[in-house]
>>> print(open('entry_19.tsv').read())   # TSV, C-alpha atoms (C1' of nucleotides)
chain	number	residue	atom	x	y	z
A	497	MET	CA	88.71	99.41	116.03
A	498	ALA	CA	86.71	102.61	116.42
A	499	GLY	CA	86.54	102.56	120.20
A	500	HIS	CA	89.46	104.94	120.27
A	501	LYS	CA	88.25	108.41	121.15
A	502	LEU	CA	89.17	111.38	119.00
A	503	ASP	CA	90.14	114.79	120.26
A	504	GLU	CA	89.85	118.04	118.39
A	505	ILE	CA	93.28	117.67	116.78
A	506	ASP	CA	92.41	114.22	115.42
A	507	ARG	CA	89.24	115.58	113.88
A	508	LYS	CA	91.15	118.45	112.32
A	509	ILE	CA	93.64	115.97	110.87
A	510	LEU	CA	90.82	113.93	109.36
A	511	ALA	CA	89.17	117.03	107.93
A	512	GLU	CA	92.42	118.25	106.37
A	513	LEU	CA	93.33	114.88	104.89
A	514	GLN	CA	89.82	114.41	103.53
A	515	ALA	CA	90.15	117.75	101.75
A	516	ASP	CA	93.73	117.15	100.56
A	517	GLY	CA	95.05	113.64	100.98
A	518	ARG	CA	98.47	114.43	99.51
A	519	MET	CA	99.37	117.17	101.97
A	520	THR	CA	102.84	116.66	103.44
A	521	ASN	CA	103.03	115.79	107.08
A	522	VAL	CA	104.79	119.04	108.00
A	523	GLU	CA	102.08	121.09	106.29
A	524	LEU	CA	99.42	119.04	108.07
A	525	ALA	CA	101.19	119.51	111.40
A	526	LYS	CA	101.35	123.27	110.87
A	527	ARG	CA	97.63	123.44	110.10
A	528	VAL	CA	96.54	121.46	113.13
A	529	GLY	CA	98.97	123.32	115.39
A	530	ILE	CA	101.39	120.62	116.56
A	531	SER	CA	104.86	119.57	115.44
A	532	ALA	CA	105.46	116.96	112.78
A	533	PRO	CA	106.36	113.80	114.73
A	534	PRO	CA	103.27	113.63	116.98
A	535	CYS	CA	101.18	114.57	113.96
A	536	LEU	CA	102.53	111.60	112.01
A	537	ARG	CA	101.94	109.34	115.01
A	538	ARG	CA	98.30	110.44	115.07
A	539	VAL	CA	97.89	109.84	111.35
A	540	ARG	CA	99.32	106.32	111.70
A	541	THR	CA	96.97	105.62	114.61
A	542	LEU	CA	93.99	106.92	112.62
A	543	GLU	CA	94.98	104.62	109.77
A	544	ASP	CA	95.52	101.62	112.02
A	545	THR	CA	92.25	102.06	113.92
A	546	GLY	CA	90.29	102.32	110.69
A	547	TYR	CA	89.24	105.97	110.84
A	548	ILE	CA	91.21	106.44	107.63
A	549	LYS	CA	90.44	103.62	105.23
A	550	GLY	CA	92.66	104.73	102.38
A	551	TYR	CA	93.79	107.53	100.11
A	552	HIS	CA	92.63	108.02	96.55
A	553	ALA	CA	93.34	110.32	93.65
A	554	GLU	CA	90.10	111.70	92.28
A	555	VAL	CA	90.28	111.09	88.53
A	556	ASP	CA	88.07	112.73	85.94
A	557	ALA	CA	85.90	109.91	84.57
A	558	ARG	CA	84.81	111.87	81.49
A	559	ALA	CA	88.39	112.75	80.56
A	560	LEU	CA	89.15	109.02	80.63
A	561	SER	CA	86.27	108.32	78.22
A	562	PHE	CA	83.86	107.06	80.82
A	563	GLU	CA	81.12	109.27	79.43
A	564	VAL	CA	78.16	107.54	81.00
A	565	GLN	CA	77.10	107.37	84.63
A	566	VAL	CA	73.97	105.51	85.62
A	567	PHE	CA	71.98	104.77	88.76
A	568	ALA	CA	70.31	101.36	88.65
A	569	MET	CA	67.52	100.43	91.06
A	570	VAL	CA	67.37	96.68	91.46
A	571	GLY	CA	64.56	94.58	92.90
A	572	LEU	CA	65.12	90.92	93.72
A	573	VAL	CA	62.68	88.02	93.69
A	574	SER	CA	63.83	86.68	97.05
A	575	GLN	CA	65.10	88.87	99.88
A	576	ALA	CA	66.44	86.00	101.96
A	577	GLU	CA	69.81	86.95	103.41
A	578	SER	CA	71.67	84.36	101.35
A	579	ASP	CA	70.10	85.76	98.16
A	580	LEU	CA	70.91	89.35	99.09
A	581	ALA	CA	74.50	88.35	99.78
A	582	ALA	CA	74.69	86.39	96.53
A	583	PHE	CA	73.66	89.48	94.59
A	584	GLU	CA	76.25	91.61	96.43
A	585	ASP	CA	78.90	89.03	95.59
A	586	ARG	CA	77.96	89.30	91.95
A	587	CYS	CA	78.33	93.09	92.08
A	588	GLN	CA	81.92	92.66	93.26
A	589	ASP	CA	82.71	90.97	89.94
A	590	TRP	CA	81.20	93.71	87.76
A	591	PRO	CA	83.77	96.46	87.27
A	592	LEU	CA	81.20	98.89	85.84
A	593	VAL	CA	79.35	98.78	89.18
A	594	ARG	CA	81.26	101.16	91.46
A	595	GLU	CA	78.86	101.22	94.41
A	596	CYS	CA	76.26	98.77	95.64
A	597	HIS	CA	73.96	99.93	98.44
A	598	MET	CA	71.22	97.84	99.98
A	599	LEU	CA	68.16	99.98	100.70
A	600	ASN	CA	64.94	99.80	102.64
A	601	GLY	CA	61.64	100.34	100.83
A	602	GLU	CA	60.32	99.21	97.47
A	603	VAL	CA	63.71	98.74	95.84
A	604	ASP	CA	66.36	96.35	97.21
A	605	PHE	CA	69.60	97.86	95.84
A	606	VAL	CA	70.85	101.00	94.20
A	607	LEU	CA	73.94	100.61	92.04
A	608	LYS	CA	76.08	103.47	90.82
A	609	CYS	CA	77.59	102.47	87.48
A	610	VAL	CA	80.00	104.00	85.00
A	611	ALA	CA	80.57	103.03	81.37
A	612	PRO	CA	82.50	104.29	78.36
A	613	ASP	CA	79.31	104.81	76.37
A	614	LEU	CA	75.63	103.94	76.25
A	615	SER	CA	76.03	100.81	74.18
A	616	SER	CA	78.59	99.26	76.49
A	617	PHE	CA	76.34	100.04	79.44
A	618	GLN	CA	73.38	98.49	77.71
A	619	SER	CA	75.27	95.33	76.91
A	620	PHE	CA	76.23	95.09	80.59
A	621	LEU	CA	72.62	95.77	81.58
A	622	THR	CA	71.03	93.14	79.38
A	623	GLY	CA	73.92	90.68	79.32
A	624	HIS	CA	74.74	90.64	83.02
A	625	LEU	CA	72.52	92.65	85.35
A	626	THR	CA	68.95	91.92	84.28
A	627	SER	CA	69.88	88.36	83.38
A	628	ALA	CA	71.46	87.60	86.77
A	629	PRO	CA	69.72	85.00	88.96
A	630	ASN	CA	67.03	86.28	91.33
A	631	VAL	CA	66.82	89.76	89.72
A	632	ALA	CA	63.18	90.75	89.39
A	633	SER	CA	63.37	94.31	88.12
A	634	VAL	CA	65.96	96.89	87.10
A	635	LYS	CA	65.18	100.56	86.58
A	636	THR	CA	68.01	102.69	85.25
A	637	SER	CA	68.44	106.46	85.26
A	638	LEU	CA	71.17	108.20	83.30
A	639	VAL	CA	73.05	110.96	85.07
A	640	ILE	CA	72.65	114.06	82.95
A	641	ARG	CA	74.98	116.16	85.04
A	642	CYS	CA	76.47	116.27	88.53
A	643	ARG	CA	77.01	119.59	90.24
A	644	LYS	CA	77.98	118.30	93.67
A	645	ASP	CA	80.14	115.26	94.35
A	646	GLN	CA	81.88	115.52	97.69
A	647	PRO	CA	83.56	112.54	99.26
A	648	GLY	CA	83.30	111.69	102.94
A	649	VAL	CA	81.50	113.54	105.67
A	650	PRO	CA	80.88	117.19	106.60
A	651	PHE	CA	83.20	117.91	109.50
A	652	ASP	CA	81.60	121.28	110.22
A	653	VAL	CA	78.34	119.48	111.07
A	654	LEU	CA	80.28	117.21	113.42
A	655	GLU	CA	81.93	120.15	115.19
A	656	GLU	CA	78.60	121.93	115.56
A	657	ARG	CA	77.05	118.92	117.24
A	658	LEU	CA	79.98	118.52	119.61
A	659	ALA	CA	79.84	122.23	120.46
A	660	GLN	CA	76.13	122.04	121.25
A	661	ARG	CA	76.62	119.14	123.63
A	662	ALA	CA	79.26	121.01	125.59
B	1040	MET	CA	92.14	120.55	79.29
B	1041	ALA	CA	91.54	116.93	78.46
B	1042	GLY	CA	92.72	117.13	74.86
B	1043	HIS	CA	96.07	115.85	76.03
B	1044	LYS	CA	96.47	112.25	74.99
B	1045	LEU	CA	97.48	109.65	77.54
B	1046	ASP	CA	99.91	106.84	76.95
B	1047	GLU	CA	100.04	103.56	78.82
B	1048	ILE	CA	102.34	104.95	81.52
B	1049	ASP	CA	99.95	107.83	82.23
B	1050	ARG	CA	97.07	105.42	82.60
B	1051	LYS	CA	99.12	103.25	84.96
B	1052	ILE	CA	99.95	106.33	87.02
B	1053	LEU	CA	96.27	107.23	87.27
B	1054	ALA	CA	95.34	103.67	88.22
B	1055	GLU	CA	98.02	103.51	90.93
B	1056	LEU	CA	97.15	106.90	92.40
B	1057	GLN	CA	93.46	106.10	92.37
B	1058	ALA	CA	94.20	102.96	94.38
B	1059	ASP	CA	96.69	104.65	96.73
B	1060	GLY	CA	96.84	108.42	96.58
B	1061	ARG	CA	99.55	108.72	99.22
B	1062	MET	CA	102.14	106.62	97.46
B	1063	THR	CA	105.52	108.34	97.28
B	1064	ASN	CA	106.74	109.40	93.89
B	1065	VAL	CA	109.66	106.93	93.91
B	1066	GLU	CA	107.32	104.04	94.70
B	1067	LEU	CA	104.98	105.18	91.94
B	1068	ALA	CA	107.87	105.49	89.49
B	1069	LYS	CA	109.04	101.97	90.33
B	1070	ARG	CA	105.56	100.55	89.75
B	1071	VAL	CA	105.04	102.21	86.39
B	1072	GLY	CA	108.57	101.38	85.28
B	1073	ILE	CA	110.26	104.78	84.84
B	1074	SER	CA	112.56	106.85	87.04
B	1075	ALA	CA	111.27	109.37	89.54
B	1076	PRO	CA	111.77	112.78	87.82
B	1077	PRO	CA	109.79	112.08	84.63
B	1078	CYS	CA	107.20	110.31	86.76
B	1079	LEU	CA	106.72	113.43	88.85
B	1080	ARG	CA	106.51	115.58	85.71
B	1081	ARG	CA	103.75	113.32	84.43
B	1082	VAL	CA	101.85	113.52	87.69
B	1083	ARG	CA	102.04	117.34	87.63
B	1084	THR	CA	100.82	117.38	84.04
B	1085	LEU	CA	97.93	115.07	84.91
B	1086	GLU	CA	97.01	117.39	87.77
B	1087	ASP	CA	97.30	120.54	85.66
B	1088	THR	CA	95.28	119.16	82.77
B	1089	GLY	CA	92.49	118.06	85.07
B	1090	TYR	CA	92.82	114.30	84.79
B	1091	ILE	CA	93.52	114.31	88.51
B	1092	LYS	CA	91.06	116.56	90.28
B	1093	GLY	CA	92.31	116.07	93.83
B	1094	TYR	CA	93.41	113.67	96.53
B	1095	HIS	CA	91.27	112.61	99.45
B	1096	ALA	CA	91.59	110.48	102.54
B	1097	GLU	CA	88.71	108.03	102.73
B	1098	VAL	CA	87.32	108.41	106.25
B	1099	ASP	CA	84.98	105.97	107.95
B	1100	ALA	CA	81.67	107.79	108.26
B	1101	ARG	CA	80.25	105.39	110.84
B	1102	ALA	CA	83.32	105.68	113.06
B	1103	LEU	CA	82.77	109.46	113.04
B	1104	SER	CA	79.16	109.00	114.18
B	1105	PHE	CA	77.57	109.56	110.82
B	1106	GLU	CA	75.43	106.48	111.24
B	1107	VAL	CA	72.84	107.21	108.60
B	1108	GLN	CA	73.19	107.26	104.82
B	1109	VAL	CA	70.19	108.03	102.64
B	1110	PHE	CA	69.38	108.27	98.96
B	1111	ALA	CA	66.74	110.91	98.23
B	1112	MET	CA	64.89	111.00	94.91
B	1113	VAL	CA	63.66	114.51	94.25
B	1114	GLY	CA	61.03	115.64	91.74
B	1115	LEU	CA	60.62	119.33	90.95
B	1116	VAL	CA	57.51	121.23	89.90
B	1117	SER	CA	59.29	123.09	87.10
B	1118	GLN	CA	62.15	121.64	85.08
B	1119	ALA	CA	63.12	124.91	83.45
B	1120	GLU	CA	66.90	125.25	83.37
B	1121	SER	CA	66.89	128.17	85.80
B	1122	ASP	CA	64.83	126.15	88.27
B	1123	LEU	CA	67.07	123.10	87.96
B	1124	ALA	CA	70.11	125.28	88.56
B	1125	ALA	CA	68.43	126.97	91.53
B	1126	PHE	CA	67.87	123.59	93.14
B	1127	GLU	CA	71.48	122.58	92.52
B	1128	ASP	CA	72.65	125.81	94.11
B	1129	ARG	CA	70.59	125.02	97.17
B	1130	CYS	CA	72.22	121.59	97.42
B	1131	GLN	CA	75.62	123.27	97.63
B	1132	ASP	CA	74.53	124.90	100.88
B	1133	TRP	CA	73.35	121.68	102.52
B	1134	PRO	CA	76.31	119.93	104.10
B	1135	LEU	CA	74.37	116.69	104.66
B	1136	VAL	CA	73.94	116.39	100.88
B	1137	ARG	CA	77.23	114.94	99.59
B	1138	GLU	CA	76.23	114.28	95.99
B	1139	CYS	CA	73.61	115.79	93.73
B	1140	HIS	CA	73.02	114.11	90.37
B	1141	MET	CA	70.51	115.26	87.81
B	1142	LEU	CA	68.81	112.28	86.16
B	1143	ASN	CA	66.65	111.51	83.17
B	1144	GLY	CA	63.32	109.79	83.67
B	1145	GLU	CA	60.56	110.18	86.25
B	1146	VAL	CA	62.76	111.64	88.97
B	1147	ASP	CA	64.76	114.86	88.51
B	1148	PHE	CA	67.57	114.44	91.06
B	1149	VAL	CA	69.12	111.80	93.24
B	1150	LEU	CA	70.90	113.05	96.35
B	1151	LYS	CA	73.27	111.00	98.44
B	1152	CYS	CA	73.03	112.22	102.03
B	1153	VAL	CA	74.72	111.42	105.32
B	1154	ALA	CA	73.57	112.28	108.83
B	1155	PRO	CA	74.58	111.52	112.41
B	1156	ASP	CA	71.25	109.85	113.15
B	1157	LEU	CA	67.73	109.45	111.85
B	1158	SER	CA	66.28	112.39	113.73
B	1159	SER	CA	68.83	114.85	112.39
B	1160	PHE	CA	68.21	113.56	108.89
B	1161	GLN	CA	64.48	113.92	109.32
B	1162	SER	CA	64.79	117.48	110.55
B	1163	PHE	CA	66.87	118.26	107.46
B	1164	LEU	CA	64.33	116.47	105.27
B	1165	THR	CA	61.26	118.28	106.56
B	1166	GLY	CA	62.93	121.55	107.51
B	1167	HIS	CA	64.99	122.11	104.37
B	1168	LEU	CA	64.57	119.63	101.53
B	1169	THR	CA	60.83	119.05	101.18
B	1170	SER	CA	60.12	122.67	102.13
B	1171	ALA	CA	62.48	124.11	99.48
B	1172	PRO	CA	60.88	126.11	96.66
B	1173	ASN	CA	59.86	124.16	93.56
B	1174	VAL	CA	60.24	120.74	95.21
B	1175	ALA	CA	57.25	118.57	94.25
B	1176	SER	CA	58.17	115.19	95.74
B	1177	VAL	CA	60.91	113.56	97.79
B	1178	LYS	CA	61.26	109.81	98.23
B	1179	THR	CA	63.95	108.67	100.63
B	1180	SER	CA	65.58	105.27	101.02
B	1181	LEU	CA	67.81	104.43	103.95
B	1182	VAL	CA	71.01	102.57	103.17
B	1183	ILE	CA	70.91	99.37	105.19
B	1184	ARG	CA	74.40	98.32	104.23
B	1185	CYS	CA	77.01	98.95	101.55
B	1186	ARG	CA	79.20	96.11	100.37
B	1187	LYS	CA	80.87	97.88	97.46
B	1188	ASP	CA	81.98	101.48	97.42
B	1189	GLN	CA	84.80	102.03	94.97
B	1190	PRO	CA	85.83	105.51	93.91
B	1191	GLY	CA	86.66	106.47	90.35
B	1192	VAL	CA	86.72	104.30	87.27
B	1193	PRO	CA	87.71	100.71	86.44
B	1194	PHE	CA	91.03	100.99	84.64
B	1195	ASP	CA	91.02	97.33	83.62
B	1196	VAL	CA	87.90	97.99	81.53
B	1197	LEU	CA	89.69	100.91	79.89
B	1198	GLU	CA	92.75	98.79	79.06
B	1199	GLU	CA	90.58	96.03	77.63
B	1200	ARG	CA	88.85	98.45	75.29
B	1201	LEU	CA	92.13	99.93	74.11
B	1202	ALA	CA	93.55	96.45	73.54
B	1203	GLN	CA	90.55	95.43	71.45
B	1204	ARG	CA	90.89	98.46	69.20
B	1205	ALA	CA	94.51	97.67	68.45
C	1282	DG	C1'	103.41	116.64	123.33
C	1283	DG	C1'	108.54	118.42	121.68
C	1284	DT	C1'	113.71	117.98	119.90
C	1285	DG	C1'	117.44	116.60	117.18
C	1286	DA	C1'	119.54	113.62	113.76
C	1287	DA	C1'	119.80	109.99	110.20
C	1288	DA	C1'	117.61	108.13	106.07
C	1289	DC	C1'	114.82	109.02	102.55
C	1290	DT	C1'	112.10	111.72	99.16
C	1291	DT	C1'	111.30	115.64	96.33
C	1292	DG	C1'	112.17	118.32	92.56
C	1293	DG	C1'	115.57	121.08	89.96
C	1294	DG	C1'	119.63	121.35	86.53
C	1295	DA	C1'	122.66	119.36	83.12
C	1296	DC	C1'	122.85	116.25	79.59
C	1297	DA	C1'	122.02	111.97	76.24
C	1298	DG	C1'	118.97	109.74	72.79
D	207	DC	C1'	110.30	115.92	73.92
D	208	DT	C1'	111.16	112.16	77.21
D	209	DG	C1'	114.37	109.60	79.64
D	210	DT	C1'	118.64	109.12	83.08
D	211	DC	C1'	121.95	110.68	86.52
D	212	DC	C1'	123.13	113.61	90.20
D	213	DC	C1'	122.60	116.88	94.06
D	214	DA	C1'	120.71	120.34	97.39
D	215	DA	C1'	116.63	121.33	100.07
D	216	DG	C1'	112.98	119.56	102.39
D	217	DT	C1'	110.42	115.61	104.55
D	218	DT	C1'	109.77	111.50	107.09
D	219	DT	C1'	110.56	108.91	110.98
D	220	DC	C1'	113.53	107.23	114.45
D	221	DA	C1'	115.28	107.32	119.56
D	222	DC	C1'	114.98	110.13	123.44
D	223	DC	C1'	113.20	113.79	126.71
>>> encode(input="entry_19.tsv", output="structure tokens")
Amino acid sequence: MAGHKLDEIDRKILAELQADGRMTNVELAKRVGISAPPCLRRVRTLEDTGYIKGYHAEVDARALSFEVQVFAMVGLVSQAESDLAAFEDRCQDWPLVRECHMLNGEVDFVLKCVAPDLSSFQSFLTGHLTSAPNVASVKTSLVIRCRKDQPGVPFDVLEERLAQRA
Amino acid sequence: MAGHKLDEIDRKILAELQADGRMTNVELAKRVGISAPPCLRRVRTLEDTGYIKGYHAEVDARALSFEVQVFAMVGLVSQAESDLAAFEDRCQDWPLVRECHMLNGEVDFVLKCVAPDLSSFQSFLTGHLTSAPNVASVKTSLVIRCRKDQPGVPFDVLEERLAQRA
DNA sequence: GGTGAAACTTGGGACAG
DNA sequence: CTGTCCCAAGTTTCACC
């Protein structure tokens, strides 16, 4: 899958498509300094090998009346692998949970949730999350504001590291 | 900006482009059930009014040797607005910090960070984050695994709510 | 990696409801 | 104002070097 090695042009393609996923192939080819056909071949290879996992429009949650964003820290009673996996499976079925990360330390999971308003979040919280099997504790924190929300990875850091090794 | 009201076709367009941001306009038009030109006009309007804030390729961080993902809970000494804003400004300059959310409750900010490995994260942590002005406490949690990571909002929840109101 | 050519897509104009 | 039909310009994607 990811055993394929990337050259500088591949990394530039990834950086450009991460910044603007709807760029036309000719524009992309111009920016990375090759002609369109080999550029498209590289993009297809990056998609097929899993470097590119998809393309998404970034929609404004607030404009769509999802006014509330919440981080929920979840502790479980049992941390046996089957119980961890069972909780993750449950998260798949909850549309308000957008991300589910298993953590080290005191807390077992952090969930990033969205909801149209506080009351619909609270009915999810009490009706589904805290009442789910094996859930010991849930601490929630409302997002007051978000001034940085960048997807993906910082390619400039990657290039710096590669430059230092050379 | 967002005062523009959306009809069902607009919401379908947003849902489709959130799921696949590289879909061609004709494919999109077919899926939402109108012809291509008005479909494109709607997409442009959604972009111009801010419902669509951008398009991004989803790249595989691990494949690009960003092996480490960390959530950092940050408490500040002073929560005066100017001090909160100063911390947010600093986050803009740290490429390893991908998201910076201000929270209510005991902790002031949660940061989602990526790094190539543990040692580079720790040098960022001690060299930049914990040593930044006004930072009182930083608690970090390594992401062990992530089984759900969906961008954006759940459109099915939105449609359900609209159906119930009708 | 580049070139050329066919098929398709984009995006505008003219026009109907 | 939003939809449909049509057409030129541009884009994708093929076979080939």
>>> calpha_fit_and_write(input="entry_19.tsv", fixed="chain B", moving="chain A", output="short mmCIF file (atom, residue, chain, number, x, y, z; two decimals) with C-alpha atoms, in the frame of the given file")
data_model
loop_
_atom_site.label_atom_id
_atom_site.label_comp_id
_atom_site.auth_asym_id
_atom_site.auth_seq_id
_atom_site.Cartn_x
_atom_site.Cartn_y
_atom_site.Cartn_z
CA MET A 497 92.06 120.59 79.34
CA ALA A 498 91.53 116.94 78.46
CA GLY A 499 92.74 117.17 74.88
CA HIS A 500 96.09 115.90 76.03
CA LYS A 501 96.51 112.29 75.01
CA LEU A 502 97.51 109.66 77.53
CA ASP A 503 99.95 106.86 76.94
CA GLU A 504 100.09 103.58 78.79
CA ILE A 505 102.37 104.97 81.51
CA ASP A 506 99.98 107.84 82.23
CA ARG A 507 97.11 105.41 82.60
CA LYS A 508 99.15 103.25 84.93
CA ILE A 509 99.97 106.32 87.02
CA LEU A 510 96.29 107.21 87.26
CA ALA A 511 95.36 103.65 88.20
CA GLU A 512 98.03 103.49 90.91
CA LEU A 513 97.17 106.87 92.39
CA GLN A 514 93.46 106.06 92.35
CA ALA A 515 94.21 102.91 94.34
CA ASP A 516 96.69 104.59 96.71
CA GLY A 517 96.83 108.36 96.57
CA ARG A 518 99.54 108.66 99.23
CA MET A 519 102.12 106.54 97.45
CA THR A 520 105.51 108.26 97.31
CA ASN A 521 106.71 109.37 93.94
CA VAL A 522 109.65 106.96 93.94
CA GLU A 523 107.35 104.02 94.68
CA LEU A 524 105.00 105.18 91.92
CA ALA A 525 107.91 105.53 89.50
CA LYS A 526 109.11 102.01 90.30
CA ARG A 527 105.64 100.57 89.68
CA VAL A 528 105.14 102.26 86.33
CA GLY A 529 108.69 101.46 85.24
CA ILE A 530 110.33 104.88 84.85
CA SER A 531 112.60 106.95 87.08
CA ALA A 532 111.28 109.44 89.60
CA PRO A 533 111.73 112.83 87.90
CA PRO A 534 109.80 112.11 84.68
CA CYS A 535 107.19 110.34 86.79
CA LEU A 536 106.68 113.46 88.90
CA ARG A 537 106.50 115.58 85.74
CA ARG A 538 103.72 113.34 84.44
CA VAL A 539 101.81 113.53 87.71
CA ARG A 540 102.02 117.34 87.67
CA THR A 541 100.80 117.40 84.07
CA LEU A 542 97.91 115.06 84.92
CA GLU A 543 96.97 117.38 87.78
CA ASP A 544 97.27 120.52 85.68
CA THR A 545 95.26 119.14 82.76
CA GLY A 546 92.46 118.04 85.07
CA TYR A 547 92.81 114.27 84.79
CA ILE A 548 93.52 114.28 88.52
CA LYS A 549 91.04 116.52 90.28
CA GLY A 550 92.30 116.04 93.81
CA TYR A 551 93.39 113.64 96.51
CA HIS A 552 91.25 112.57 99.43
CA ALA A 553 91.58 110.46 102.54
CA GLU A 554 88.72 107.99 102.73
CA VAL A 555 87.31 108.39 106.24
CA ASP A 556 84.98 105.95 107.95
CA ALA A 557 81.66 107.80 108.25
CA ARG A 558 80.24 105.40 110.85
CA ALA A 559 83.31 105.70 113.07
CA LEU A 560 82.76 109.47 113.03
CA SER A 561 79.15 109.02 114.18
CA PHE A 562 77.58 109.57 110.81
CA GLU A 563 75.42 106.49 111.25
CA VAL A 564 72.84 107.23 108.60
CA GLN A 565 73.18 107.27 104.83
CA VAL A 566 70.20 108.04 102.65
CA PHE A 567 69.36 108.27 98.96
CA ALA A 568 66.74 110.92 98.23
CA MET A 569 64.88 111.02 94.92
CA VAL A 570 63.65 114.52 94.25
CA GLY A 571 61.03 115.65 91.75
CA LEU A 572 60.60 119.34 90.95
CA VAL A 573 57.50 121.25 89.90
CA SER A 574 59.28 123.11 87.10
CA GLN A 575 62.14 121.65 85.08
CA ALA A 576 63.11 124.92 83.44
CA GLU A 577 66.89 125.24 83.38
CA SER A 578 66.90 128.17 85.80
CA ASP A 579 64.84 126.13 88.29
CA LEU A 580 67.07 123.08 87.95
CA ALA A 581 70.12 125.25 88.55
CA ALA A 582 68.45 126.96 91.51
CA PHE A 583 67.87 123.58 93.14
CA GLU A 584 71.50 122.56 92.51
CA ASP A 585 72.65 125.81 94.09
CA ARG A 586 70.60 125.02 97.15
CA CYS A 587 72.22 121.58 97.41
CA GLN A 588 75.63 123.25 97.59
CA ASP A 589 74.55 124.90 100.85
CA TRP A 590 73.36 121.68 102.51
CA PRO A 591 76.33 119.92 104.08
CA LEU A 592 74.38 116.69 104.64
CA VAL A 593 73.94 116.38 100.85
CA ARG A 594 77.23 114.92 99.58
CA GLU A 595 76.23 114.25 95.97
CA CYS A 596 73.60 115.77 93.73
CA HIS A 597 73.00 114.09 90.37
CA MET A 598 70.48 115.25 87.80
CA LEU A 599 68.79 112.26 86.16
CA ASN A 600 66.63 111.48 83.18
CA GLY A 601 63.28 109.76 83.70
CA GLU A 602 60.54 110.18 86.27
CA VAL A 603 62.74 111.64 88.98
CA ASP A 604 64.75 114.86 88.51
CA PHE A 605 67.57 114.43 91.06
CA VAL A 606 69.11 111.79 93.25
CA LEU A 607 70.88 113.04 96.35
CA LYS A 608 73.25 110.99 98.45
CA CYS A 609 73.02 112.22 102.04
CA VAL A 610 74.72 111.43 105.32
CA ALA A 611 73.58 112.30 108.84
CA PRO A 612 74.58 111.57 112.42
CA ASP A 613 71.25 109.89 113.14
CA LEU A 614 67.72 109.48 111.86
CA SER A 615 66.27 112.43 113.72
CA SER A 616 68.83 114.88 112.40
CA PHE A 617 68.20 113.59 108.90
CA GLN A 618 64.48 113.95 109.33
CA SER A 619 64.79 117.50 110.55
CA PHE A 620 66.88 118.28 107.46
CA LEU A 621 64.32 116.50 105.27
CA THR A 622 61.27 118.31 106.57
CA GLY A 623 62.95 121.58 107.51
CA HIS A 624 64.99 122.13 104.37
CA LEU A 625 64.57 119.64 101.53
CA THR A 626 60.83 119.08 101.18
CA SER A 627 60.14 122.68 102.12
CA ALA A 628 62.49 124.13 99.49
CA PRO A 629 60.91 126.14 96.65
CA ASN A 630 59.85 124.19 93.55
CA VAL A 631 60.24 120.74 95.21
CA ALA A 632 57.28 118.58 94.26
CA SER A 633 58.17 115.21 95.74
CA VAL A 634 60.91 113.58 97.80
CA LYS A 635 61.25 109.84 98.24
CA THR A 636 63.94 108.69 100.65
CA SER A 637 65.57 105.28 101.04
CA LEU A 638 67.81 104.43 103.97
CA VAL A 639 71.01 102.57 103.19
CA ILE A 640 70.92 99.39 105.22
CA ARG A 641 74.40 98.32 104.26
CA CYS A 642 77.00 98.93 101.57
CA ARG A 643 79.20 96.09 100.39
CA LYS A 644 80.86 97.84 97.47
CA ASP A 645 81.98 101.46 97.42
CA GLN A 646 84.79 102.01 94.97
CA PRO A 647 85.84 105.47 93.92
CA GLY A 648 86.67 106.41 90.35
CA VAL A 649 86.71 104.24 87.28
CA PRO A 650 87.72 100.66 86.43
CA PHE A 651 91.03 100.94 84.63
CA ASP A 652 91.02 97.28 83.60
CA VAL A 653 87.89 97.94 81.51
CA LEU A 654 89.68 100.87 79.88
CA GLU A 655 92.74 98.77 79.03
CA GLU A 656 90.56 96.01 77.59
CA ARG A 657 88.83 98.43 75.27
CA LEU A 658 92.11 99.93 74.10
CA ALA A 659 93.52 96.44 73.51
CA GLN A 660 90.52 95.44 71.42
CA ARG A 661 90.85 98.48 69.19
CA ALA A 662 94.48 97.72 68.45
#
>>> interface_residues(input="entry_19.tsv", of="chain A", to="chain B", cutoff="6 Å", atoms="all atoms listed in the file", output="NGL selection string")
:A and (498 or 513-518 or 547-556 or 559 or 591 or 594-600 or 637-642 or 644-646 or 650)
>>> closest_atom_pairs(input="entry_19.tsv", of="chain C", to="chain D", cutoff="9 Å", atoms="all atoms listed in the file", output="Markdown table")
| residue | atom | partner | partner_atom | distance |
| --- | --- | --- | --- | --- |
| C:DG1283 | C1' | D:DC223 | C1' | 8.3 |
| C:DT1284 | C1' | D:DC223 | C1' | 8.0 |
| C:DA1286 | C1' | D:DC220 | C1' | 8.8 |
| C:DA1287 | C1' | D:DC220 | C1' | 8.1 |
| C:DA1288 | C1' | D:DT218 | C1' | 8.6 |
| C:DC1289 | C1' | D:DT218 | C1' | 7.2 |
| C:DT1290 | C1' | D:DT217 | C1' | 6.9 |
| C:DT1291 | C1' | D:DG216 | C1' | 7.4 |
| C:DC1296 | C1' | D:DC211 | C1' | 8.9 |
| C:DA1297 | C1' | D:DT210 | C1' | 8.1 |
| C:DG1298 | C1' | D:DG209 | C1' | 8.3 |
>>> interface_residues(input="entry_19.tsv", of="chain A", to="chain D", cutoff="8 Å", atoms="all atoms listed in the file", output="JSON, numbers by chain")
{"A": [520, 521, 522, 533]}
>>> atom_distance(input="entry_19.tsv", atom1="CA of Asp506 in chain A", atom2="CA of Thr541 in chain A")
9.8 Å
>>> atom_distance(input="entry_19.tsv", atom1="CA of Ser578 in chain A", atom2="CA of Leu621 in chain A")
22.8 Å
>>> closest_residue(input="entry_19.tsv", among="A:Arg661, A:Arg586, A:Arg538, A:His624", to="chain C", atoms="all atoms listed in the file")
A:Arg538
